[in-house]
$ cat my_file.cif   # mmCIF, C-alpha atoms
data_structure
#
loop_
_atom_site.group_PDB
_atom_site.id
_atom_site.type_symbol
_atom_site.label_atom_id
_atom_site.label_comp_id
_atom_site.auth_asym_id
_atom_site.auth_seq_id
_atom_site.Cartn_x
_atom_site.Cartn_y
_atom_site.Cartn_z
ATOM 1 C CA VAL H 1 -3.687 12.992 13.853
ATOM 2 C CA ILE H 2 -2.728 9.472 12.808
ATOM 3 C CA SER H 3 -6.010 8.879 10.975
ATOM 4 C CA ALA H 4 -6.107 12.295 9.239
ATOM 5 C CA PRO H 5 -4.384 11.064 6.042
ATOM 6 C CA ALA H 6 -6.801 8.135 5.840
ATOM 7 C CA VAL H 7 -9.758 10.520 6.151
ATOM 8 C CA ALA H 8 -8.449 12.634 3.281
ATOM 9 C CA LEU H 9 -7.828 9.506 1.203
ATOM 10 C CA LEU H 10 -11.407 8.369 1.755
ATOM 11 C CA LEU H 11 -12.989 11.723 0.940
ATOM 12 C CA LEU H 12 -10.903 12.449 -2.148
ATOM 13 C CA ALA H 13 -10.472 8.979 -3.660
ATOM 14 C CA ASN H 14 -13.289 9.293 -6.223
ATOM 15 C CA ASN H 15 -12.362 12.801 -7.359
ATOM 16 C CA SER H 16 -8.671 11.893 -7.441
ATOM 17 C CA GLY H 17 -9.401 8.934 -9.679
ATOM 18 C CA GLN H 18 -11.375 11.104 -12.071
ATOM 19 C CA TYR H 19 -8.550 13.651 -12.134
ATOM 20 C CA ALA H 20 -5.979 10.922 -12.803
ATOM 21 C CA ASP H 21 -8.044 9.820 -15.811
ATOM 22 C CA LEU H 22 -7.266 13.195 -17.396
ATOM 23 C CA GLY H 23 -3.542 12.458 -17.168
ATOM 24 C CA ARG H 24 -1.572 10.017 -15.060
ATOM 25 C CA LYS H 25 1.677 11.946 -15.022
ATOM 26 C CA LYS H 26 0.119 15.244 -14.014
ATOM 27 C CA ALA H 27 -1.665 13.620 -11.076
ATOM 28 C CA MET H 28 1.527 11.916 -9.942
ATOM 29 C CA LEU H 29 3.523 15.143 -10.112
ATOM 30 C CA TYR H 30 1.004 17.363 -8.340
ATOM 31 C CA GLY H 31 0.222 14.742 -5.719
ATOM 32 C CA MET H 32 3.877 14.097 -4.907
ATOM 33 C CA ALA H 33 4.538 17.838 -4.663
ATOM 34 C CA LEU H 34 1.701 18.123 -2.147
ATOM 35 C CA ILE H 35 3.174 15.205 -0.179
ATOM 36 C CA ALA H 36 6.550 16.967 0.001
ATOM 37 C CA VAL H 37 5.007 20.230 1.181
ATOM 38 C CA SER H 38 2.768 18.466 3.716
ATOM 39 C CA ASP H 39 5.643 16.586 5.321
ATOM 40 C CA VAL H 40 7.611 19.814 5.631
ATOM 41 C CA GLY H 41 4.525 21.305 7.300
ATOM 42 C CA THR H 42 4.403 18.328 9.649
ATOM 43 C CA ALA H 43 8.051 18.786 10.597
ATOM 44 C CA PHE H 44 7.565 22.453 11.472
ATOM 45 C CA ALA H 45 4.023 22.299 12.915
ATOM 46 C CA ALA H 46 3.881 24.416 16.076
ATOM 47 C CA GLY H 47 0.581 23.072 17.391
ATOM 48 C CA LEU H 48 -2.193 20.565 16.898
ATOM 49 C CA PRO H 49 -4.300 22.499 14.305
ATOM 50 C CA PRO H 50 -1.450 23.045 11.804
ATOM 51 C CA LEU H 51 -0.329 19.457 12.371
ATOM 52 C CA ILE H 52 -3.775 18.130 11.468
ATOM 53 C CA VAL H 53 -3.894 20.355 8.384
ATOM 54 C CA ALA H 54 -0.495 19.059 7.297
ATOM 55 C CA ARG H 55 -1.560 15.446 7.754
ATOM 56 C CA LEU H 56 -4.765 16.058 5.809
ATOM 57 C CA GLY H 57 -2.597 17.550 3.067
ATOM 58 C CA LEU H 58 -0.509 14.403 3.101
ATOM 59 C CA GLY H 59 -3.617 12.278 2.594
ATOM 60 C CA ALA H 60 -4.774 14.527 -0.238
ATOM 61 C CA GLY H 61 -1.387 14.297 -1.922
ATOM 62 C CA ARG H 62 -1.332 10.532 -1.574
ATOM 63 C CA SER H 63 -4.841 10.285 -2.971
ATOM 64 C CA ILE H 64 -3.937 12.226 -6.100
ATOM 65 C CA SER H 65 -0.483 10.732 -6.606
ATOM 66 C CA GLU H 66 -1.490 7.113 -5.969
ATOM 67 C CA SER H 67 -4.465 7.432 -8.311
ATOM 68 C CA GLY H 68 -2.134 8.491 -11.097
ATOM 69 C CA GLU H 69 0.422 5.838 -10.156
ATOM 70 C CA ARG H 70 -2.107 3.000 -10.118
ATOM 71 C CA GLY H 71 -3.661 4.257 -13.329
ATOM 72 C CA MET H 72 -0.289 4.299 -15.066
ATOM 73 C CA LEU H 73 0.504 0.850 -13.690
ATOM 74 C CA ALA H 74 -2.806 -0.443 -15.039
ATOM 75 C CA ASP H 75 -2.071 1.116 -18.440
ATOM 76 C CA LEU H 76 1.368 -0.482 -18.615
ATOM 77 C CA ALA H 77 0.170 -3.870 -17.355
ATOM 78 C CA GLY H 78 -2.699 -3.782 -19.852
ATOM 79 C CA ARG H 79 -0.201 -3.758 -22.713
ATOM 80 C CA VAL H 80 1.032 -7.218 -21.699
ATOM 81 C CA PRO H 81 -1.981 -8.852 -19.988
ATOM 82 C CA GLU H 82 -0.300 -12.258 -19.959
ATOM 83 C CA LEU H 83 2.383 -10.761 -17.677
ATOM 84 C CA ARG H 84 0.044 -8.629 -15.580
ATOM 85 C CA GLY H 85 0.804 -10.489 -12.353
ATOM 86 C CA LYS H 86 4.569 -10.191 -12.770
ATOM 87 C CA VAL H 87 4.334 -6.459 -13.543
ATOM 88 C CA LEU H 88 2.205 -5.795 -10.470
ATOM 89 C CA ALA H 89 4.439 -8.004 -8.331
ATOM 90 C CA ALA H 90 7.551 -6.093 -9.386
ATOM 91 C CA GLN H 91 5.959 -2.814 -8.333
ATOM 92 C CA GLN H 92 4.868 -4.183 -4.965
ATOM 93 C CA ALA H 93 8.260 -5.787 -4.335
ATOM 94 C CA THR H 94 9.863 -2.390 -4.928
ATOM 95 C CA VAL H 95 7.534 -0.843 -2.352
ATOM 96 C CA ALA H 96 8.436 -3.610 0.119
ATOM 97 C CA LEU H 97 12.128 -2.955 -0.435
ATOM 98 C CA GLY H 98 11.576 0.744 0.256
ATOM 99 C CA ILE H 99 9.849 -0.067 3.542
ATOM 100 C CA ALA H 100 12.624 -2.441 4.558
ATOM 101 C CA ILE H 101 15.253 0.237 3.901
ATOM 102 C CA GLY H 102 13.260 3.175 5.226
ATOM 103 C CA ALA H 103 12.191 1.677 8.560
ATOM 104 C CA PRO H 104 15.674 1.265 10.095
ATOM 105 C CA PHE H 105 16.945 4.454 8.458
ATOM 106 C CA GLY H 106 13.988 6.383 9.884
ATOM 107 C CA GLY H 107 14.634 4.925 13.315
ATOM 108 C CA LEU H 108 18.265 6.041 13.138
ATOM 109 C CA VAL H 109 17.264 9.565 12.106
ATOM 110 C CA VAL H 110 14.751 9.785 14.947
ATOM 111 C CA GLU H 111 17.350 8.595 17.473
ATOM 112 C CA GLN H 112 19.969 11.058 16.253
ATOM 113 C CA TYR H 113 17.972 14.155 15.341
ATOM 114 C CA GLY H 114 14.442 13.737 16.717
ATOM 115 C CA PRO H 115 11.102 12.803 15.136
ATOM 116 C CA ARG H 116 10.676 16.036 13.168
ATOM 117 C CA ALA H 117 13.787 15.287 11.144
ATOM 118 C CA SER H 118 12.260 12.072 9.824
ATOM 119 C CA PHE H 119 9.502 14.040 8.079
ATOM 120 C CA LEU H 120 12.114 16.220 6.371
ATOM 121 C CA CYS H 121 13.736 13.028 5.090
ATOM 122 C CA VAL H 122 10.366 11.922 3.698
ATOM 123 C CA SER H 123 9.982 15.294 1.977
ATOM 124 C CA ALA H 124 13.427 14.937 0.416
ATOM 125 C CA ALA H 125 12.517 11.465 -0.845
ATOM 126 C CA ALA H 126 9.265 12.860 -2.264
ATOM 127 C CA VAL H 127 11.186 15.538 -4.170
ATOM 128 C CA VAL H 128 13.500 12.869 -5.620
ATOM 129 C CA ALA H 129 10.469 10.825 -6.693
ATOM 130 C CA LEU H 130 8.885 13.922 -8.234
ATOM 131 C CA VAL H 131 11.992 14.567 -10.334
ATOM 132 C CA MET H 132 12.008 10.939 -11.498
ATOM 133 C CA TYR H 133 8.329 11.232 -12.452
ATOM 134 C CA LEU H 134 9.309 13.959 -14.927
ATOM 135 C CA PHE H 135 11.027 11.335 -17.086
ATOM 136 C CA LEU H 136 8.024 8.988 -17.249
ATOM 137 C CA PRO H 137 5.860 8.950 -20.375
ATOM 138 C CA GLU H 138 2.180 9.847 -20.248
ATOM 139 C CA THR H 139 0.129 6.701 -20.793
ATOM 140 C CA VAL H 140 -3.218 8.313 -21.610
ATOM 141 C CA VAL H 141 -4.195 11.015 -24.085
ATOM 142 C CA GLY H 142 -5.272 14.217 -22.367
ATOM 143 C CA LYS H 143 -9.040 14.005 -22.100
ATOM 144 C CA HIS H 144 -9.695 17.540 -23.296
ATOM 145 C CA ASP H 145 -7.356 17.107 -26.273
ATOM 146 C CA ALA H 146 -9.019 13.818 -27.100
ATOM 147 C CA ILE H 147 -12.495 15.321 -26.955
ATOM 148 C CA ASP H 148 -11.484 17.966 -29.501
ATOM 149 C CA ALA H 149 -10.674 15.161 -31.938
ATOM 150 C CA MET H 150 -13.864 13.158 -31.300
ATOM 151 C CA ASP H 151 -17.073 13.191 -33.226
ATOM 152 C CA SER H 152 -20.394 13.392 -31.378
ATOM 153 C CA SER H 153 -20.953 9.621 -31.224
ATOM 154 C CA THR H 154 -17.505 9.071 -29.727
ATOM 155 C CA ILE H 155 -18.122 11.783 -27.143
ATOM 156 C CA ASP H 156 -21.380 10.113 -26.141
ATOM 157 C CA GLN H 157 -19.533 6.823 -25.741
ATOM 158 C CA SER H 158 -16.855 8.580 -23.635
ATOM 159 C CA ASN H 159 -19.549 10.005 -21.362
ATOM 160 C CA ASP H 160 -21.083 6.545 -21.034
ATOM 161 C CA ASP H 161 -17.683 5.117 -20.030
ATOM 162 C CA GLU H 162 -17.232 7.877 -17.462
ATOM 163 C CA SER H 163 -20.658 7.169 -16.014
ATOM 164 C CA ALA H 164 -19.832 3.464 -15.858
ATOM 165 C CA GLY H 165 -16.806 4.314 -13.717
ATOM 166 C CA ASP H 166 -18.880 6.172 -11.136
ATOM 167 C CA TRP H 167 -18.843 4.526 -7.710
ATOM 168 C CA ASN H 168 -22.617 4.303 -7.489
ATOM 169 C CA ASN H 169 -22.784 2.421 -10.766
ATOM 170 C CA LEU H 170 -19.807 0.201 -9.982
ATOM 171 C CA LEU H 171 -21.199 -0.884 -6.627
ATOM 172 C CA GLN H 172 -24.403 -2.097 -8.271
ATOM 173 C CA ASP H 173 -22.265 -4.930 -9.645
ATOM 174 C CA ASN H 174 -21.838 -7.761 -7.133
ATOM 175 C CA ARG H 175 -18.307 -8.350 -8.384
ATOM 176 C CA TRP H 176 -17.270 -4.833 -7.402
ATOM 177 C CA LYS H 177 -19.054 -5.187 -4.072
ATOM 178 C CA GLY H 178 -17.066 -8.313 -3.346
ATOM 179 C CA LEU H 179 -13.797 -6.721 -4.405
ATOM 180 C CA ALA H 180 -14.477 -3.637 -2.271
ATOM 181 C CA LEU H 181 -15.287 -5.830 0.734
ATOM 182 C CA CYS H 182 -12.110 -7.851 0.202
ATOM 183 C CA GLN H 183 -9.984 -4.711 -0.045
ATOM 184 C CA CYS H 184 -11.587 -3.332 3.127
ATOM 185 C CA GLY H 185 -10.652 -6.527 4.921
ATOM 186 C CA ALA H 186 -7.072 -6.356 3.668
ATOM 187 C CA SER H 187 -6.785 -2.718 4.734
ATOM 188 C CA PHE H 188 -8.282 -3.508 8.134
ATOM 189 C CA GLY H 189 -5.700 -6.225 8.617
ATOM 190 C CA PHE H 190 -2.886 -3.856 7.693
ATOM 191 C CA ALA H 191 -4.196 -1.250 10.135
ATOM 192 C CA ALA H 192 -4.419 -3.908 12.849
ATOM 193 C CA LYS H 193 -0.800 -4.852 12.229
ATOM 194 C CA ILE H 194 0.382 -1.259 12.427
ATOM 195 C CA ALA H 195 -1.484 -0.750 15.699
ATOM 196 C CA THR H 196 -0.601 -3.989 17.470
ATOM 197 C CA ILE H 197 2.523 -5.653 16.098
ATOM 198 C CA PRO H 198 5.051 -2.969 17.209
ATOM 199 C CA VAL H 199 3.657 -3.019 20.747
ATOM 200 C CA LEU H 200 3.647 -6.799 20.959
ATOM 201 C CA ALA H 201 7.106 -7.002 19.397
ATOM 202 C CA ALA H 202 8.565 -4.528 21.892
ATOM 203 C CA ASP H 203 7.215 -6.653 24.764
ATOM 204 C CA THR H 204 8.153 -10.026 23.273
ATOM 205 C CA LEU H 205 11.435 -9.620 21.422
ATOM 206 C CA PRO H 206 14.824 -8.962 23.007
ATOM 207 C CA GLY H 207 15.932 -5.381 22.678
ATOM 208 C CA GLY H 208 12.462 -3.876 22.990
ATOM 209 C CA ALA H 209 12.000 -1.135 20.380
ATOM 210 C CA ILE H 210 15.145 -2.169 18.503
ATOM 211 C CA GLY H 211 13.851 -5.723 18.202
ATOM 212 C CA ALA H 212 10.472 -4.429 17.052
ATOM 213 C CA GLY H 213 12.129 -2.315 14.361
ATOM 214 C CA ALA H 214 14.158 -5.287 13.173
ATOM 215 C CA LEU H 215 11.012 -7.413 12.911
ATOM 216 C CA LEU H 216 9.193 -4.735 10.906
ATOM 217 C CA SER H 217 12.158 -4.502 8.540
ATOM 218 C CA ALA H 218 12.135 -8.274 8.137
ATOM 219 C CA ALA H 219 8.392 -8.138 7.457
ATOM 220 C CA GLY H 220 9.027 -5.527 4.783
ATOM 221 C CA LEU H 221 11.730 -7.658 3.189
ATOM 222 C CA SER H 222 9.338 -10.606 3.171
ATOM 223 C CA GLY H 223 7.367 -8.682 0.557
ATOM 224 C CA LEU H 224 10.246 -9.400 -1.806
ATOM 225 C CA VAL H 225 9.221 -13.040 -1.503
ATOM 226 C CA GLY H 226 5.447 -12.702 -1.291
ATOM 227 C CA ALA H 227 4.980 -10.248 -4.176
ATOM 228 C CA PRO H 228 6.759 -12.364 -6.834
ATOM 229 C CA VAL H 229 4.967 -15.483 -5.616
ATOM 230 C CA GLY H 230 1.642 -13.658 -5.826
ATOM 231 C CA GLY H 231 2.446 -12.356 -9.298
ATOM 232 C CA LEU H 232 3.432 -15.803 -10.536
ATOM 233 C CA LEU H 233 0.295 -17.417 -9.124
ATOM 234 C CA THR H 234 -1.840 -14.615 -10.581
ATOM 235 C CA ASP H 235 -0.524 -15.366 -14.072
ATOM 236 C CA LYS H 236 -0.707 -19.146 -13.647
ATOM 237 C CA ALA H 237 -3.750 -19.845 -11.433
ATOM 238 C CA GLY H 238 -5.772 -16.670 -11.899
ATOM 239 C CA ALA H 239 -6.160 -13.479 -9.907
ATOM 240 C CA ARG H 240 -9.263 -14.523 -7.964
ATOM 241 C CA THR H 241 -7.819 -17.874 -6.886
ATOM 242 C CA THR H 242 -4.590 -16.232 -5.774
ATOM 243 C CA ALA H 243 -6.412 -13.518 -3.849
ATOM 244 C CA VAL H 244 -8.490 -16.073 -1.941
ATOM 245 C CA LEU H 245 -5.607 -18.426 -1.138
ATOM 246 C CA ALA H 246 -3.247 -15.635 -0.068
ATOM 247 C CA GLY H 247 -5.969 -13.963 1.995
ATOM 248 C CA VAL H 248 -6.817 -17.150 3.864
ATOM 249 C CA PHE H 249 -3.145 -17.909 4.506
ATOM 250 C CA SER H 250 -2.336 -14.426 5.844
ATOM 251 C CA ALA H 251 -5.504 -14.341 7.973
ATOM 252 C CA LEU H 252 -4.697 -17.694 9.599
ATOM 253 C CA CYS H 253 -1.152 -16.552 10.392
ATOM 254 C CA PHE H 254 -2.330 -13.271 11.894
ATOM 255 C CA ALA H 255 -5.063 -14.961 13.921
ATOM 256 C CA ALA H 256 -2.528 -17.450 15.300
ATOM 257 C CA ILE H 257 -0.410 -14.723 16.931
ATOM 258 C CA PRO H 258 -2.508 -14.446 20.133
ATOM 259 C CA PHE H 259 -2.289 -18.210 20.585
ATOM 260 C CA ALA H 260 1.483 -18.173 20.073
ATOM 261 C CA LEU H 261 1.832 -15.542 22.794
ATOM 262 C CA SER H 262 -0.496 -17.197 25.280
ATOM 263 C CA PRO H 263 1.111 -18.717 28.411
ATOM 264 C CA TRP H 264 -0.076 -22.245 27.697
ATOM 265 C CA ALA H 265 1.485 -22.228 24.216
ATOM 266 C CA SER H 266 4.870 -22.976 25.795
ATOM 267 C CA VAL H 267 3.575 -26.529 26.280
ATOM 268 C CA PHE H 268 4.025 -27.054 22.543
ATOM 269 C CA TYR H 269 7.362 -25.337 21.886
ATOM 270 C CA GLY H 270 8.933 -25.143 25.353
ATOM 271 C CA ASP H 271 10.809 -22.293 27.018
ATOM 272 C CA GLY H 272 14.282 -22.945 25.648
ATOM 273 C CA VAL H 273 16.558 -20.520 23.836
ATOM 274 C CA LEU H 274 16.615 -21.125 20.084
ATOM 275 C CA LEU H 275 19.260 -18.598 19.112
ATOM 276 C CA GLU H 276 21.916 -16.603 20.941
ATOM 277 C CA ALA H 277 24.182 -13.977 19.411
ATOM 278 C CA ASN H 278 26.233 -11.260 21.100
ATOM 279 C CA GLY H 279 24.528 -11.932 24.395
ATOM 280 C CA VAL H 280 21.023 -11.578 22.905
ATOM 281 C CA GLU H 281 18.779 -14.599 23.359
ATOM 282 C CA LEU H 282 15.799 -15.410 21.161
ATOM 283 C CA GLY H 283 13.342 -17.694 22.906
ATOM 284 C CA ALA H 284 10.896 -20.107 21.358
ATOM 285 C CA GLN H 285 7.909 -17.848 21.978
ATOM 286 C CA ALA H 286 9.647 -14.852 20.371
ATOM 287 C CA ALA H 287 10.656 -17.004 17.408
ATOM 288 C CA ALA H 288 7.112 -18.289 16.921
ATOM 289 C CA PHE H 289 5.741 -14.746 17.098
ATOM 290 C CA SER H 290 8.309 -13.467 14.578
ATOM 291 C CA ALA H 291 7.651 -16.359 12.193
ATOM 292 C CA LEU H 292 3.906 -15.718 12.198
ATOM 293 C CA VAL H 293 4.377 -11.998 11.528
ATOM 294 C CA ILE H 294 6.707 -12.702 8.602
ATOM 295 C CA LEU H 295 4.393 -15.369 7.179
ATOM 296 C CA TRP H 296 1.462 -12.957 7.500
ATOM 297 C CA SER H 297 3.452 -10.338 5.589
ATOM 298 C CA ILE H 298 4.314 -12.834 2.848
ATOM 299 C CA GLY H 299 0.631 -13.736 2.437
ATOM 300 C CA ALA H 300 -0.451 -10.096 2.404
ATOM 301 C CA ALA H 301 2.227 -9.251 -0.168
ATOM 302 C CA ALA H 302 1.113 -12.166 -2.344
ATOM 303 C CA GLN H 303 -2.496 -11.002 -2.221
ATOM 304 C CA GLY H 304 -1.693 -7.448 -3.316
ATOM 305 C CA PRO H 305 -0.936 -8.128 -7.017
ATOM 306 C CA ALA H 306 -3.942 -10.447 -7.230
ATOM 307 C CA LEU H 307 -6.414 -7.863 -5.916
ATOM 308 C CA THR H 308 -4.998 -5.195 -8.205
ATOM 309 C CA ALA H 309 -5.240 -7.568 -11.163
ATOM 310 C CA VAL H 310 -8.888 -8.319 -10.357
ATOM 311 C CA ALA H 311 -9.655 -4.598 -10.215
ATOM 312 C CA GLN H 312 -7.933 -4.029 -13.563
ATOM 313 C CA GLU H 313 -9.866 -6.896 -15.144
ATOM 314 C CA LEU H 314 -13.191 -5.480 -13.919
ATOM 315 C CA ALA H 315 -12.431 -1.844 -14.709
ATOM 316 C CA PRO H 316 -14.822 -0.401 -17.347
#
$ encode --input "my_file.cif" --output "C-alpha cells"
Amino acid sequence: VISAPAVALLLLANNSGQYADLGRKKAMLYGMALIAVSDVGTAFAAGLPPLIVARLGLGAGRSISESGERGMLADLAGRVPELRGKVLAAQQATVALGIAIGAPFGGLVVEQYGPRASFLCVSAAAVVALVMYLFLPETVVGKHDAIDAMDSSTIDQSNDDESAGDWNNLLQDNRWKGLALCQCGASFGFAAKIATIPVLAADTLPGGAIGAGALLSAAGLSGLVGAPVGGLLTDKAGARTTAVLAGVFSALCFAAIPFALSPWASVFYGDGVLLEANGVELGAQAAAFSALVILWSIGAAAQGPALTAVAQELAP
C-alpha cells in the first residue's frame, strides 16, 4: 500500500512527461484533480483492494501533475538562466515550508479525528492548489496548435527533438546515466529516512511520537536553509559541483547516525542532560541524533536545486 504511489510514478513517468510537453498547465490541473479524488478514495476505502487502487491513482496524479510542474519550472528558470539556482531554491524552500507546517497539523488531525480525516485534508489542499493553478500562465505553445503553423522541415525537427527526449536515447549519454544514478541515490536516501528516522526518533527522543513529529518538522524547516544555500552555490560554483558537495555532506551525516546512537558513543559526548524545559530532558545522545538528522536534511535540500539545474542544462 505504501509503495503503490511509487509504482505508479515509475510506470507513468515517461508518458506523463510526454503529456506535460503538450501543455504544462493542463497536466498540472488534471494531475492535481486526480490527486484530490484519490485521497478522497483513500479516506473512504472499505478494504484493501479499493485502498490500493486509490493509492495507485495518487501516484498517477502525482506523475502527471509533477511533470507539468517541473516542466513549467524549467520554462520559467530558462528565461533567467543566471538565476536558475535561486529560482529552483525558492520552489524547494516553499515545499519544505509546506512539509514543516503540514506534519504537525496532520498529526493533530489524526489525534483528534482519526487517520482517514488527514486524507480529506490533503484532498482539500489539492483542490485549493488546483484553483490556484487556474491563474498560472501556460509556458509552452500547445503542440498540436504549433504543428499546424509549422512547415514540413520544422515538423521533422520537432520529431527529432521528441525522439531525442526518449528515455532510451537519453540513457545512451553517459551524462544522463550519471544523473539518473545520482537521483536514484538521493531518492533511496529519502526513502531510508522515511522508513527509519521516525522509528529511531520515537525510541531516542523524549516524548516518543511527539518528539519524532517535532524532529520531522524541524527537518522540514531546515529545507528553508538548505535550499537557498544550494541555489546560491548552484549559481556561483556550478550545478555539478554543488550536487557533489551537498550529496557527500548529507551522506556523511546520515551514515553517522548509527554511530551516534551506539552505546560506546557516549564516551565522546557523555550521558549528561543538555537541555531541560517543562520537565522534558534532552540528553546528549538525543541531541547528537537530532543534529545529524537536521544536517542531513540541509544537505539534501541543498542538493535538490543543483540536480534539477543539471537536468535542465542537459535537457534536449
$ closest_residue --input "my_file.cif" --among "H:Leu221, H:Ser63, H:Thr139, H:Ser297" --to "H:Arg79" --atoms "all atoms listed in the file"
H:Thr139
$ axis_aligned_box --input "my_file.cif" --around "stretch 205-222 of chain H" --padding-each-side "5 Å" --output "JSON"
{"center_x": 12.2, "center_y": -5.9, "center_z": 13.1, "size_x": 17.5, "size_y": 19.5, "size_z": 29.8}
$ atom_distance --input "my_file.cif" --atom1 "atom CA of H:Ala125" --atom2 "atom CA of H:Pro49"
25.2 Å
$ closest_residue --input "my_file.cif" --among "H:Ala243, H:Ala227, H:Ala287, H:Leu232" --to "H:Gly211" --atoms "all atoms listed in the file"
H:Ala287
$ resolve_selection --input "my_file.cif" --expression "the PyMOL selection byres ((chain H and resi 234) around 12)" --output "PDB file with C-alpha atoms, in the coordinates of the input"
ATOM      1  CA  PRO H  81      -1.981  -8.852 -19.988  1.00  0.00           C
ATOM      2  CA  GLU H  82      -0.300 -12.258 -19.959  1.00  0.00           C
ATOM      3  CA  LEU H  83       2.383 -10.761 -17.677  1.00  0.00           C
ATOM      4  CA  ARG H  84       0.044  -8.629 -15.580  1.00  0.00           C
ATOM      5  CA  GLY H  85       0.804 -10.489 -12.353  1.00  0.00           C
ATOM      6  CA  LYS H  86       4.569 -10.191 -12.770  1.00  0.00           C
ATOM      7  CA  VAL H  87       4.334  -6.459 -13.543  1.00  0.00           C
ATOM      8  CA  LEU H  88       2.205  -5.795 -10.470  1.00  0.00           C
ATOM      9  CA  ALA H  89       4.439  -8.004  -8.331  1.00  0.00           C
ATOM     10  CA  GLY H 226       5.447 -12.702  -1.291  1.00  0.00           C
ATOM     11  CA  ALA H 227       4.980 -10.248  -4.176  1.00  0.00           C
ATOM     12  CA  PRO H 228       6.759 -12.364  -6.834  1.00  0.00           C
ATOM     13  CA  VAL H 229       4.967 -15.483  -5.616  1.00  0.00           C
ATOM     14  CA  GLY H 230       1.642 -13.658  -5.826  1.00  0.00           C
ATOM     15  CA  GLY H 231       2.446 -12.356  -9.298  1.00  0.00           C
ATOM     16  CA  LEU H 232       3.432 -15.803 -10.536  1.00  0.00           C
ATOM     17  CA  LEU H 233       0.295 -17.417  -9.124  1.00  0.00           C
ATOM     18  CA  ASP H 235      -0.524 -15.366 -14.072  1.00  0.00           C
ATOM     19  CA  LYS H 236      -0.707 -19.146 -13.647  1.00  0.00           C
ATOM     20  CA  ALA H 237      -3.750 -19.845 -11.433  1.00  0.00           C
ATOM     21  CA  GLY H 238      -5.772 -16.670 -11.899  1.00  0.00           C
ATOM     22  CA  ALA H 239      -6.160 -13.479  -9.907  1.00  0.00           C
ATOM     23  CA  ARG H 240      -9.263 -14.523  -7.964  1.00  0.00           C
ATOM     24  CA  THR H 241      -7.819 -17.874  -6.886  1.00  0.00           C
ATOM     25  CA  THR H 242      -4.590 -16.232  -5.774  1.00  0.00           C
ATOM     26  CA  ALA H 243      -6.412 -13.518  -3.849  1.00  0.00           C
ATOM     27  CA  VAL H 244      -8.490 -16.073  -1.941  1.00  0.00           C
ATOM     28  CA  LEU H 245      -5.607 -18.426  -1.138  1.00  0.00           C
ATOM     29  CA  ALA H 246      -3.247 -15.635  -0.068  1.00  0.00           C
ATOM     30  CA  ALA H 302       1.113 -12.166  -2.344  1.00  0.00           C
ATOM     31  CA  GLN H 303      -2.496 -11.002  -2.221  1.00  0.00           C
ATOM     32  CA  GLY H 304      -1.693  -7.448  -3.316  1.00  0.00           C
ATOM     33  CA  PRO H 305      -0.936  -8.128  -7.017  1.00  0.00           C
ATOM     34  CA  ALA H 306      -3.942 -10.447  -7.230  1.00  0.00           C
ATOM     35  CA  LEU H 307      -6.414  -7.863  -5.916  1.00  0.00           C
ATOM     36  CA  THR H 308      -4.998  -5.195  -8.205  1.00  0.00           C
ATOM     37  CA  ALA H 309      -5.240  -7.568 -11.163  1.00  0.00           C
ATOM     38  CA  VAL H 310      -8.888  -8.319 -10.357  1.00  0.00           C
TER      39      VAL H 310
END
$ atom_distance --input "my_file.cif" --atom1 "atom CA of H:Met32" --atom2 "atom CA of H:Gln92"
18.3 Å
$ resolve_selection --input "my_file.cif" --expression "the PyMOL selection byres ((chain H and resi 286) around 9)" --output "ChimeraX atom specification"
/H:201,204-206,260-261,282-285,287-291
$ resolve_selection --input "my_file.cif" --expression "the PyMOL selection byres ((chain H and resi 52) around 12)" --output "PDB file with C-alpha atoms, keeping the file's coordinate frame"
ATOM      1  CA  VAL H   1      -3.687  12.992  13.853  1.00  0.00           C
ATOM      2  CA  ILE H   2      -2.728   9.472  12.808  1.00  0.00           C
ATOM      3  CA  SER H   3      -6.010   8.879  10.975  1.00  0.00           C
ATOM      4  CA  ALA H   4      -6.107  12.295   9.239  1.00  0.00           C
ATOM      5  CA  PRO H   5      -4.384  11.064   6.042  1.00  0.00           C
ATOM      6  CA  ALA H   6      -6.801   8.135   5.840  1.00  0.00           C
ATOM      7  CA  VAL H   7      -9.758  10.520   6.151  1.00  0.00           C
ATOM      8  CA  ALA H   8      -8.449  12.634   3.281  1.00  0.00           C
ATOM      9  CA  SER H  38       2.768  18.466   3.716  1.00  0.00           C
ATOM     10  CA  ASP H  39       5.643  16.586   5.321  1.00  0.00           C
ATOM     11  CA  GLY H  41       4.525  21.305   7.300  1.00  0.00           C
ATOM     12  CA  THR H  42       4.403  18.328   9.649  1.00  0.00           C
ATOM     13  CA  ALA H  43       8.051  18.786  10.597  1.00  0.00           C
ATOM     14  CA  ALA H  45       4.023  22.299  12.915  1.00  0.00           C
ATOM     15  CA  ALA H  46       3.881  24.416  16.076  1.00  0.00           C
ATOM     16  CA  GLY H  47       0.581  23.072  17.391  1.00  0.00           C
ATOM     17  CA  LEU H  48      -2.193  20.565  16.898  1.00  0.00           C
ATOM     18  CA  PRO H  49      -4.300  22.499  14.305  1.00  0.00           C
ATOM     19  CA  PRO H  50      -1.450  23.045  11.804  1.00  0.00           C
ATOM     20  CA  LEU H  51      -0.329  19.457  12.371  1.00  0.00           C
ATOM     21  CA  VAL H  53      -3.894  20.355   8.384  1.00  0.00           C
ATOM     22  CA  ALA H  54      -0.495  19.059   7.297  1.00  0.00           C
ATOM     23  CA  ARG H  55      -1.560  15.446   7.754  1.00  0.00           C
ATOM     24  CA  LEU H  56      -4.765  16.058   5.809  1.00  0.00           C
ATOM     25  CA  GLY H  57      -2.597  17.550   3.067  1.00  0.00           C
ATOM     26  CA  LEU H  58      -0.509  14.403   3.101  1.00  0.00           C
ATOM     27  CA  GLY H  59      -3.617  12.278   2.594  1.00  0.00           C
TER      28      GLY H  59
END
$ atom_distance --input "my_file.cif" --atom1 "atom CA of H:Val199" --atom2 "atom CA of H:Glu66"
29.0 Å
$ closest_residue --input "my_file.cif" --among "H:Gly247, H:Val225, H:Ala311, H:Ile99" --to "H:Ile294" --atoms "all atoms listed in the file"
H:Val225
$ closest_residue --input "my_file.cif" --among "H:Leu170, H:Ala192, H:Val40, H:Ala202" --to "H:Ala255" --atoms "all atoms listed in the file"
H:Ala192
$ residues_around --input "my_file.cif" --residues "H:Lys25" --least-positions-apart "2" --cutoff "12 Å" --atoms "all atoms listed in the file" --output "number ranges by chain"
H: 19-23, 27-32, 64-73, 75, 130-142
